[in-house]
file run-v4.cif (mmCIF, C-alpha atoms)
data_data
loop_
_atom_site.group_PDB
_atom_site.id
_atom_site.type_symbol
_atom_site.label_atom_id
_atom_site.label_comp_id
_atom_site.auth_asym_id
_atom_site.auth_seq_id
_atom_site.Cartn_x
_atom_site.Cartn_y
_atom_site.Cartn_z
ATOM 1 C CA MET A 1 23.215 13.601 -5.357
ATOM 2 C CA THR A 2 26.275 15.337 -3.949
ATOM 3 C CA THR A 3 29.883 14.179 -4.126
ATOM 4 C CA ASP A 4 30.519 10.606 -3.021
ATOM 5 C CA GLU A 5 32.458 10.713 0.247
ATOM 6 C CA ARG A 6 31.996 7.066 1.203
ATOM 7 C CA SER A 7 35.122 5.115 2.133
ATOM 8 C CA ARG A 8 35.578 1.991 0.097
ATOM 9 C CA PRO A 9 36.513 -1.057 2.177
ATOM 10 C CA PRO A 10 40.198 -1.980 1.919
ATOM 11 C CA VAL A 11 40.982 -4.843 -0.442
ATOM 12 C CA ASP A 12 43.734 -6.313 1.739
ATOM 13 C CA ALA A 13 42.451 -5.881 5.283
ATOM 14 C CA ALA A 14 42.084 -8.484 7.995
ATOM 15 C CA GLU A 15 38.641 -10.018 8.352
ATOM 16 C CA ARG A 16 37.292 -7.705 11.084
ATOM 17 C CA ALA A 17 38.433 -4.552 9.311
ATOM 18 C CA MET A 18 36.962 -5.906 6.083
ATOM 19 C CA LEU A 19 33.566 -6.608 7.676
ATOM 20 C CA ASP A 20 33.532 -3.252 9.481
ATOM 21 C CA GLY A 21 34.466 -1.559 6.220
ATOM 22 C CA TRP A 22 31.717 -3.209 4.188
ATOM 23 C CA LEU A 23 29.061 -2.595 6.823
ATOM 24 C CA ASP A 24 30.029 1.079 7.107
ATOM 25 C CA TYR A 25 30.114 1.374 3.317
ATOM 26 C CA HIS A 26 26.566 0.054 3.028
ATOM 27 C CA ARG A 27 25.371 2.272 5.875
ATOM 28 C CA ALA A 28 26.842 5.269 4.047
ATOM 29 C CA THR A 29 25.236 4.107 0.807
ATOM 30 C CA LEU A 30 21.796 4.200 2.399
ATOM 31 C CA ALA A 31 22.474 7.708 3.729
ATOM 32 C CA LYS A 32 23.563 8.763 0.244
ATOM 33 C CA LYS A 33 20.326 7.453 -1.272
ATOM 34 C CA CYS A 34 18.407 9.745 1.095
ATOM 35 C CA GLU A 35 20.481 12.893 0.809
ATOM 36 C CA ASP A 36 19.131 16.083 -0.730
ATOM 37 C CA LEU A 37 15.511 14.892 -0.512
ATOM 38 C CA THR A 38 12.686 16.582 1.374
ATOM 39 C CA ASP A 39 10.716 14.831 4.084
ATOM 40 C CA ALA A 40 7.819 14.565 1.641
ATOM 41 C CA GLN A 41 10.038 12.859 -0.942
ATOM 42 C CA LEU A 42 11.436 10.491 1.683
ATOM 43 C CA ARG A 43 7.858 9.534 2.596
ATOM 44 C CA GLU A 44 6.901 8.975 -1.063
ATOM 45 C CA ALA A 45 5.765 5.391 -1.656
ATOM 46 C CA SER A 46 7.759 3.499 -4.252
ATOM 47 C CA VAL A 47 4.868 1.939 -6.141
ATOM 48 C CA PRO A 48 1.464 2.503 -4.580
ATOM 49 C CA PRO A 49 -0.306 0.716 -3.009
ATOM 50 C CA SER A 50 3.025 -0.398 -1.490
ATOM 51 C CA GLU A 51 3.991 1.636 1.567
ATOM 52 C CA PHE A 52 7.719 1.143 0.895
ATOM 53 C CA THR A 53 9.525 4.480 1.301
ATOM 54 C CA LEU A 54 13.091 5.599 1.860
ATOM 55 C CA LEU A 55 12.100 6.962 5.264
ATOM 56 C CA GLY A 56 10.515 3.643 6.192
ATOM 57 C CA LEU A 57 13.641 1.843 5.010
ATOM 58 C CA VAL A 58 15.902 3.935 7.251
ATOM 59 C CA ARG A 59 13.573 3.227 10.156
ATOM 60 C CA HIS A 60 13.624 -0.501 9.274
ATOM 61 C CA LEU A 61 17.407 -0.574 9.348
ATOM 62 C CA ALA A 62 17.434 1.251 12.687
ATOM 63 C CA GLU A 63 15.239 -1.596 13.965
ATOM 64 C CA ASN A 64 17.677 -4.129 12.474
ATOM 65 C CA GLU A 65 20.714 -2.458 14.063
ATOM 66 C CA ARG A 66 18.899 -2.535 17.411
ATOM 67 C CA GLY A 67 17.615 -6.065 16.977
ATOM 68 C CA TRP A 68 20.850 -7.739 15.945
ATOM 69 C CA PHE A 69 23.576 -5.802 17.743
ATOM 70 C CA ARG A 70 21.769 -4.822 20.914
ATOM 71 C CA GLU A 71 19.000 -7.337 21.543
ATOM 72 C CA VAL A 72 20.468 -10.524 20.052
ATOM 73 C CA PHE A 73 24.209 -9.946 20.407
ATOM 74 C CA ALA A 74 24.322 -8.005 23.689
ATOM 75 C CA GLY A 75 21.129 -9.418 25.194
ATOM 76 C CA GLU A 76 19.565 -6.024 25.892
ATOM 77 C CA ASP A 77 15.836 -6.152 26.591
ATOM 78 C CA LEU A 78 14.495 -3.335 24.442
ATOM 79 C CA PRO A 79 11.129 -2.538 22.902
ATOM 80 C CA PRO A 80 10.867 -2.004 19.155
ATOM 81 C CA ILE A 81 11.492 1.580 18.082
ATOM 82 C CA TYR A 82 8.556 1.864 15.693
ATOM 83 C CA GLY A 83 6.688 -1.419 15.793
ATOM 84 C CA THR A 84 3.999 -2.500 18.220
ATOM 85 C CA ASP A 85 2.171 -5.751 18.910
ATOM 86 C CA GLU A 86 -0.690 -4.425 16.798
ATOM 87 C CA ASP A 87 1.635 -3.120 14.054
ATOM 88 C CA PRO A 88 4.879 -5.132 14.025
ATOM 89 C CA ASP A 89 5.935 -3.451 10.739
ATOM 90 C CA GLY A 90 5.302 0.050 12.086
ATOM 91 C CA GLU A 91 8.616 1.340 10.759
ATOM 92 C CA PHE A 92 7.210 1.137 7.235
ATOM 93 C CA HIS A 93 3.952 2.914 8.094
ATOM 94 C CA VAL A 94 5.166 6.501 7.880
ATOM 95 C CA THR A 95 2.891 9.488 8.302
ATOM 96 C CA GLU A 96 3.145 13.217 7.588
ATOM 97 C CA ALA A 97 4.465 13.638 11.141
ATOM 98 C CA ASP A 98 7.498 11.397 10.514
ATOM 99 C CA THR A 99 10.689 13.267 9.633
ATOM 100 C CA TRP A 100 14.130 12.585 8.264
ATOM 101 C CA ASP A 101 15.730 14.307 11.250
ATOM 102 C CA GLU A 102 14.075 11.902 13.698
ATOM 103 C CA ALA A 103 14.640 8.775 11.594
ATOM 104 C CA ARG A 104 18.252 9.672 10.831
ATOM 105 C CA SER A 105 19.046 10.518 14.473
ATOM 106 C CA THR A 106 17.500 7.270 15.675
ATOM 107 C CA TRP A 107 19.302 5.225 13.002
ATOM 108 C CA LEU A 108 22.674 6.845 13.769
ATOM 109 C CA ALA A 109 22.177 6.296 17.512
ATOM 110 C CA GLU A 110 21.523 2.596 16.880
ATOM 111 C CA ILE A 111 24.658 2.376 14.725
ATOM 112 C CA GLU A 112 26.713 3.941 17.517
ATOM 113 C CA ALA A 113 25.210 1.538 20.055
ATOM 114 C CA ALA A 114 26.057 -1.361 17.731
ATOM 115 C CA ARG A 115 29.652 -0.185 17.485
ATOM 116 C CA ALA A 116 29.910 0.171 21.253
ATOM 117 C CA ASN A 117 28.497 -3.331 21.837
ATOM 118 C CA THR A 118 30.928 -4.962 19.415
ATOM 119 C CA ALA A 119 34.124 -2.900 19.721
ATOM 120 C CA ALA A 120 35.860 -5.094 22.274
ATOM 121 C CA ARG A 121 34.493 -8.406 20.980
ATOM 122 C CA ASP A 122 36.067 -10.707 18.417
ATOM 123 C CA LEU A 123 34.228 -12.268 15.502
ATOM 124 C CA ASP A 124 33.947 -15.656 17.225
ATOM 125 C CA SER A 125 32.131 -14.111 20.208
ATOM 126 C CA LEU A 126 28.698 -15.610 20.725
ATOM 127 C CA SER A 127 25.512 -13.642 21.158
ATOM 128 C CA VAL A 128 23.658 -13.584 24.442
ATOM 129 C CA GLY A 129 20.398 -14.075 22.551
ATOM 130 C CA VAL A 130 19.597 -17.138 20.479
ATOM 131 C CA GLY A 131 17.922 -17.795 17.151
ATOM 132 C CA ARG A 132 14.963 -19.979 16.232
ATOM 133 C CA GLN A 133 17.130 -23.079 16.538
ATOM 134 C CA GLY A 134 17.933 -22.153 20.137
ATOM 135 C CA LYS A 135 21.593 -21.447 19.342
ATOM 136 C CA PRO A 136 23.558 -18.225 19.718
ATOM 137 C CA PHE A 137 25.044 -16.408 16.725
ATOM 138 C CA THR A 138 28.682 -15.519 16.238
ATOM 139 C CA LEU A 139 29.434 -11.851 15.761
ATOM 140 C CA ARG A 140 30.809 -12.858 12.343
ATOM 141 C CA TRP A 141 27.384 -14.233 11.366
ATOM 142 C CA ILE A 142 25.652 -11.055 12.536
ATOM 143 C CA TYR A 143 28.072 -8.856 10.578
ATOM 144 C CA THR A 144 27.584 -10.950 7.460
ATOM 145 C CA HIS A 145 23.819 -10.857 7.849
ATOM 146 C CA MET A 146 23.768 -7.087 8.361
ATOM 147 C CA ILE A 147 25.954 -6.520 5.287
ATOM 148 C CA GLU A 148 23.501 -8.651 3.301
ATOM 149 C CA GLU A 149 20.537 -6.765 4.795
ATOM 150 C CA TYR A 150 21.959 -3.375 3.838
ATOM 151 C CA ALA A 151 23.140 -4.505 0.385
ATOM 152 C CA ARG A 152 19.723 -5.918 -0.498
ATOM 153 C CA HIS A 153 17.871 -2.876 0.773
ATOM 154 C CA ASN A 154 20.296 -0.485 -0.911
ATOM 155 C CA GLY A 155 19.195 -2.051 -4.191
ATOM 156 C CA HIS A 156 15.611 -1.265 -3.235
ATOM 157 C CA ALA A 157 16.635 2.260 -2.205
ATOM 158 C CA ASP A 158 18.280 2.810 -5.584
ATOM 159 C CA LEU A 159 15.031 2.005 -7.391
ATOM 160 C CA VAL A 160 12.952 4.179 -5.051
ATOM 161 C CA ARG A 161 15.374 7.105 -5.434
ATOM 162 C CA GLU A 162 15.323 6.794 -9.207
ATOM 163 C CA ARG A 163 11.535 6.908 -9.162
ATOM 164 C CA ILE A 164 11.519 10.025 -6.959
ATOM 165 C CA ASP A 165 13.945 12.221 -8.882
ATOM 166 C CA GLY A 166 15.766 10.131 -11.488
ATOM 167 C CA ALA A 167 19.022 9.901 -9.499
ATOM 168 C CA THR A 168 20.821 6.568 -9.963
ATOM 169 C CA GLY A 169 24.066 4.973 -8.976
ATOM 170 C CA ALA A 170 26.114 4.894 -5.793
#
call {"tool": "encode", "arguments": {"input": "run-v4.cif", "output": "structure tokens"}}
result
Amino acid sequence: MTTDERSRPPVDAAERAMLDGWLDYHRATLAKKCEDLTDAQLREASVPPSEFTLLGLVRHLAENERGWFREVFAGEDLPPIYGTDEDPDGEFHVTEADTWDEARSTWLAEIEAARANTAARDLDSLSVGVGRQGKPFTLRWIYTHMIEEYARHNGHADLVRERIDGATGA
């Protein structure tokens, strides 16, 4: 992997800057796990018969960015990017036609939309959408959940990357 250019979150920041910093750090970590790999390597399953791939993981996190920051928080009515009624986990079912350029562009667009939807809102702002309990989420909860989502999946990405070419760390 190339030089690490990720920004570490500040250790003495206010809460919002801290959460933004950690979320951006974990987003950059996922990008780092995918860098310098071919489309074929990004589509390589971690441990067959599992279909878990780095490309599928990036697509999954694009769905999560959309789901939490756009659909739940902002109340946008959007279809899934990759999933369908027949295949709700479609983001993980990559084919030879699926590329890093498309997945990365889609993921980055969802990150930018997430930033736009939250920029002027404080952490106590409530989502338009509600959860299974019928209650809205605070933006703080969504940030915390997304940091957890990325951190957990970055651990998976580390193992998949090591299997592909032996690269570890970051």
call {"tool": "resolve_selection", "arguments": {"input": "run-v4.cif", "expression": "the PyMOL selection byres ((chain A and resi 158) around 9)", "output": "MDAnalysis selection string"}}
result
chainID A and resid 30 33 153:157 159:163 167:170
call {"tool": "resolve_selection", "arguments": {"input": "run-v4.cif", "expression": "the PyMOL selection byres ((chain A and resi 18-23) around 8)", "output": "JSON, numbers by chain"}}
result
{"A": [7, 8, 9, 10, 11, 13, 14, 15, 16, 17, 24, 25, 26, 27, 143, 144, 146, 147, 150]}
call {"tool": "resolve_selection", "arguments": {"input": "run-v4.cif", "expression": "the PyMOL selection byres ((chain A and resi 125) around 9)", "output": "short mmCIF file (atom, residue, chain, number, x, y, z; two decimals) with C-alpha atoms, keeping the file's coordinate frame"}}
result
data_model
loop_
_atom_site.label_atom_id
_atom_site.label_comp_id
_atom_site.auth_asym_id
_atom_site.auth_seq_id
_atom_site.Cartn_x
_atom_site.Cartn_y
_atom_site.Cartn_z
CA PHE A 73 24.21 -9.95 20.41
CA ARG A 121 34.49 -8.41 20.98
CA ASP A 122 36.07 -10.71 18.42
CA LEU A 123 34.23 -12.27 15.50
CA ASP A 124 33.95 -15.66 17.23
CA LEU A 126 28.70 -15.61 20.72
CA SER A 127 25.51 -13.64 21.16
CA PHE A 137 25.04 -16.41 16.73
CA THR A 138 28.68 -15.52 16.24
CA LEU A 139 29.43 -11.85 15.76
CA ARG A 140 30.81 -12.86 12.34
#
call {"tool": "closest_residue", "arguments": {"input": "run-v4.cif", "among": "A:Arg104, A:Ile142, A:Gly67, A:Asn117", "to": "Leu54 (chain A)", "atoms": "all atoms listed in the file"}}
result
A:Arg104
call {"tool": "closest_residue", "arguments": {"input": "run-v4.cif", "among": "A:Thr53, A:Leu61, A:Thr84, A:Gly90", "to": "Glu148 (chain A)", "atoms": "only C-alpha atoms"}}
result
A:Leu61
call {"tool": "atom_distance", "arguments": {"input": "run-v4.cif", "atom1": "CA of Asp89 (chain A)", "atom2": "CA of Arg70 (chain A)"}}
result
18.9 Å
call {"tool": "build_atoms", "arguments": {"input": "run-v4.cif", "residues": "region 97-108 of chain A", "atoms": "all heavy atoms", "output": "PDB file, in the coordinates of the input"}}
result
ATOM      1  N   ALA A  97       3.747  13.184   9.949  1.00  0.00           N
ATOM      2  CA  ALA A  97       4.465  13.638  11.141  1.00  0.00           C
ATOM      3  C   ALA A  97       5.885  13.072  11.227  1.00  0.00           C
ATOM      4  O   ALA A  97       6.703  13.577  11.997  1.00  0.00           O
ATOM      5  CB  ALA A  97       3.680  13.252  12.391  1.00  0.00           C
ATOM      6  N   ASP A  98       6.186  12.038  10.455  1.00  0.00           N
ATOM      7  CA  ASP A  98       7.498  11.397  10.514  1.00  0.00           C
ATOM      8  C   ASP A  98       8.506  12.186   9.679  1.00  0.00           C
ATOM      9  O   ASP A  98       8.223  12.569   8.545  1.00  0.00           O
ATOM     10  CB  ASP A  98       7.401   9.958  10.027  1.00  0.00           C
ATOM     11  CG  ASP A  98       6.521   9.116  10.932  1.00  0.00           C
ATOM     12  OD1 ASP A  98       6.684   9.216  12.164  1.00  0.00           O
ATOM     13  OD2 ASP A  98       5.664   8.390  10.402  1.00  0.00           O
ATOM     14  N   THR A  99       9.681  12.421  10.275  1.00  0.00           N
ATOM     15  CA  THR A  99      10.689  13.267   9.633  1.00  0.00           C
ATOM     16  C   THR A  99      12.014  12.557   9.445  1.00  0.00           C
ATOM     17  O   THR A  99      12.336  11.597  10.152  1.00  0.00           O
ATOM     18  CB  THR A  99      10.950  14.536  10.468  1.00  0.00           C
ATOM     19  OG1 THR A  99      11.575  14.144  11.707  1.00  0.00           O
ATOM     20  CG2 THR A  99       9.671  15.307  10.741  1.00  0.00           C
ATOM     21  N   TRP A 100      12.776  13.074   8.507  1.00  0.00           N
ATOM     22  CA  TRP A 100      14.130  12.585   8.264  1.00  0.00           C
ATOM     23  C   TRP A 100      15.004  12.833   9.485  1.00  0.00           C
ATOM     24  O   TRP A 100      15.785  11.968   9.871  1.00  0.00           O
ATOM     25  CB  TRP A 100      14.724  13.268   7.028  1.00  0.00           C
ATOM     26  CG  TRP A 100      16.177  13.002   6.840  1.00  0.00           C
ATOM     27  CD1 TRP A 100      17.185  13.918   6.867  1.00  0.00           C
ATOM     28  CD2 TRP A 100      16.813  11.735   6.580  1.00  0.00           C
ATOM     29  NE1 TRP A 100      18.394  13.301   6.653  1.00  0.00           N
ATOM     30  CE2 TRP A 100      18.198  11.964   6.471  1.00  0.00           C
ATOM     31  CE3 TRP A 100      16.336  10.443   6.440  1.00  0.00           C
ATOM     32  CZ2 TRP A 100      19.113  10.946   6.223  1.00  0.00           C
ATOM     33  CZ3 TRP A 100      17.251   9.420   6.195  1.00  0.00           C
ATOM     34  CH2 TRP A 100      18.616   9.689   6.085  1.00  0.00           C
ATOM     35  N   ASP A 101      14.883  14.008  10.096  1.00  0.00           N
ATOM     36  CA  ASP A 101      15.730  14.307  11.250  1.00  0.00           C
ATOM     37  C   ASP A 101      15.558  13.266  12.349  1.00  0.00           C
ATOM     38  O   ASP A 101      16.544  12.777  12.908  1.00  0.00           O
ATOM     39  CB  ASP A 101      15.424  15.702  11.802  1.00  0.00           C
ATOM     40  CG  ASP A 101      15.963  16.812  10.911  1.00  0.00           C
ATOM     41  OD1 ASP A 101      16.839  16.543  10.062  1.00  0.00           O
ATOM     42  OD2 ASP A 101      15.487  17.953  11.052  1.00  0.00           O
ATOM     43  N   GLU A 102      14.312  12.900  12.645  1.00  0.00           N
ATOM     44  CA  GLU A 102      14.075  11.902  13.698  1.00  0.00           C
ATOM     45  C   GLU A 102      14.580  10.533  13.263  1.00  0.00           C
ATOM     46  O   GLU A 102      15.281   9.856  14.020  1.00  0.00           O
ATOM     47  CB  GLU A 102      12.583  11.827  14.040  1.00  0.00           C
ATOM     48  CG  GLU A 102      12.261  10.851  15.171  1.00  0.00           C
ATOM     49  CD  GLU A 102      12.247   9.372  14.756  1.00  0.00           C
ATOM     50  OE1 GLU A 102      11.811   9.070  13.635  1.00  0.00           O
ATOM     51  OE2 GLU A 102      12.698   8.525  15.562  1.00  0.00           O
ATOM     52  N   ALA A 103      14.238  10.107  12.064  1.00  0.00           N
ATOM     53  CA  ALA A 103      14.640   8.775  11.594  1.00  0.00           C
ATOM     54  C   ALA A 103      16.159   8.666  11.510  1.00  0.00           C
ATOM     55  O   ALA A 103      16.742   7.668  11.942  1.00  0.00           O
ATOM     56  CB  ALA A 103      14.002   8.478  10.233  1.00  0.00           C
ATOM     57  N   ARG A 104      16.792   9.681  10.965  1.00  0.00           N
ATOM     58  CA  ARG A 104      18.252   9.672  10.831  1.00  0.00           C
ATOM     59  C   ARG A 104      18.922   9.652  12.200  1.00  0.00           C
ATOM     60  O   ARG A 104      19.858   8.878  12.430  1.00  0.00           O
ATOM     61  CB  ARG A 104      18.713  10.890  10.029  1.00  0.00           C
ATOM     62  CG  ARG A 104      20.209  10.950   9.818  1.00  0.00           C
ATOM     63  CD  ARG A 104      20.588  12.190   8.978  1.00  0.00           C
ATOM     64  NE  ARG A 104      22.005  12.235   8.743  1.00  0.00           N
ATOM     65  CZ  ARG A 104      22.889  12.778   9.580  1.00  0.00           C
ATOM     66  NH1 ARG A 104      22.478  13.330  10.714  1.00  0.00           N
ATOM     67  NH2 ARG A 104      24.176  12.772   9.290  1.00  0.00           N
ATOM     68  N   SER A 105      18.464  10.487  13.123  1.00  0.00           N
ATOM     69  CA  SER A 105      19.046  10.518  14.473  1.00  0.00           C
ATOM     70  C   SER A 105      18.906   9.175  15.171  1.00  0.00           C
ATOM     71  O   SER A 105      19.851   8.693  15.812  1.00  0.00           O
ATOM     72  CB  SER A 105      18.373  11.606  15.313  1.00  0.00           C
ATOM     73  OG  SER A 105      18.649  12.868  14.778  1.00  0.00           O
ATOM     74  N   THR A 106      17.739   8.573  15.057  1.00  0.00           N
ATOM     75  CA  THR A 106      17.500   7.270  15.675  1.00  0.00           C
ATOM     76  C   THR A 106      18.400   6.213  15.047  1.00  0.00           C
ATOM     77  O   THR A 106      19.034   5.416  15.758  1.00  0.00           O
ATOM     78  CB  THR A 106      16.018   6.881  15.527  1.00  0.00           C
ATOM     79  OG1 THR A 106      15.229   7.869  16.193  1.00  0.00           O
ATOM     80  CG2 THR A 106      15.733   5.504  16.109  1.00  0.00           C
ATOM     81  N   TRP A 107      18.462   6.184  13.724  1.00  0.00           N
ATOM     82  CA  TRP A 107      19.302   5.225  13.002  1.00  0.00           C
ATOM     83  C   TRP A 107      20.771   5.381  13.397  1.00  0.00           C
ATOM     84  O   TRP A 107      21.441   4.390  13.727  1.00  0.00           O
ATOM     85  CB  TRP A 107      19.079   5.425  11.507  1.00  0.00           C
ATOM     86  CG  TRP A 107      19.901   4.609  10.577  1.00  0.00           C
ATOM     87  CD1 TRP A 107      20.051   3.252  10.582  1.00  0.00           C
ATOM     88  CD2 TRP A 107      20.672   5.081   9.482  1.00  0.00           C
ATOM     89  NE1 TRP A 107      20.870   2.865   9.540  1.00  0.00           N
ATOM     90  CE2 TRP A 107      21.252   3.972   8.849  1.00  0.00           C
ATOM     91  CE3 TRP A 107      20.907   6.352   8.962  1.00  0.00           C
ATOM     92  CZ2 TRP A 107      22.078   4.084   7.734  1.00  0.00           C
ATOM     93  CZ3 TRP A 107      21.716   6.469   7.839  1.00  0.00           C
ATOM     94  CH2 TRP A 107      22.293   5.341   7.247  1.00  0.00           C
ATOM     95  N   LEU A 108      21.267   6.617  13.408  1.00  0.00           N
ATOM     96  CA  LEU A 108      22.674   6.845  13.769  1.00  0.00           C
ATOM     97  C   LEU A 108      22.952   6.463  15.223  1.00  0.00           C
ATOM     98  O   LEU A 108      24.029   5.929  15.527  1.00  0.00           O
ATOM     99  CB  LEU A 108      23.064   8.296  13.501  1.00  0.00           C
ATOM    100  CG  LEU A 108      23.089   8.712  12.034  1.00  0.00           C
ATOM    101  CD1 LEU A 108      23.400  10.204  11.898  1.00  0.00           C
ATOM    102  CD2 LEU A 108      24.066   7.865  11.214  1.00  0.00           C
TER     103      LEU A 108
END
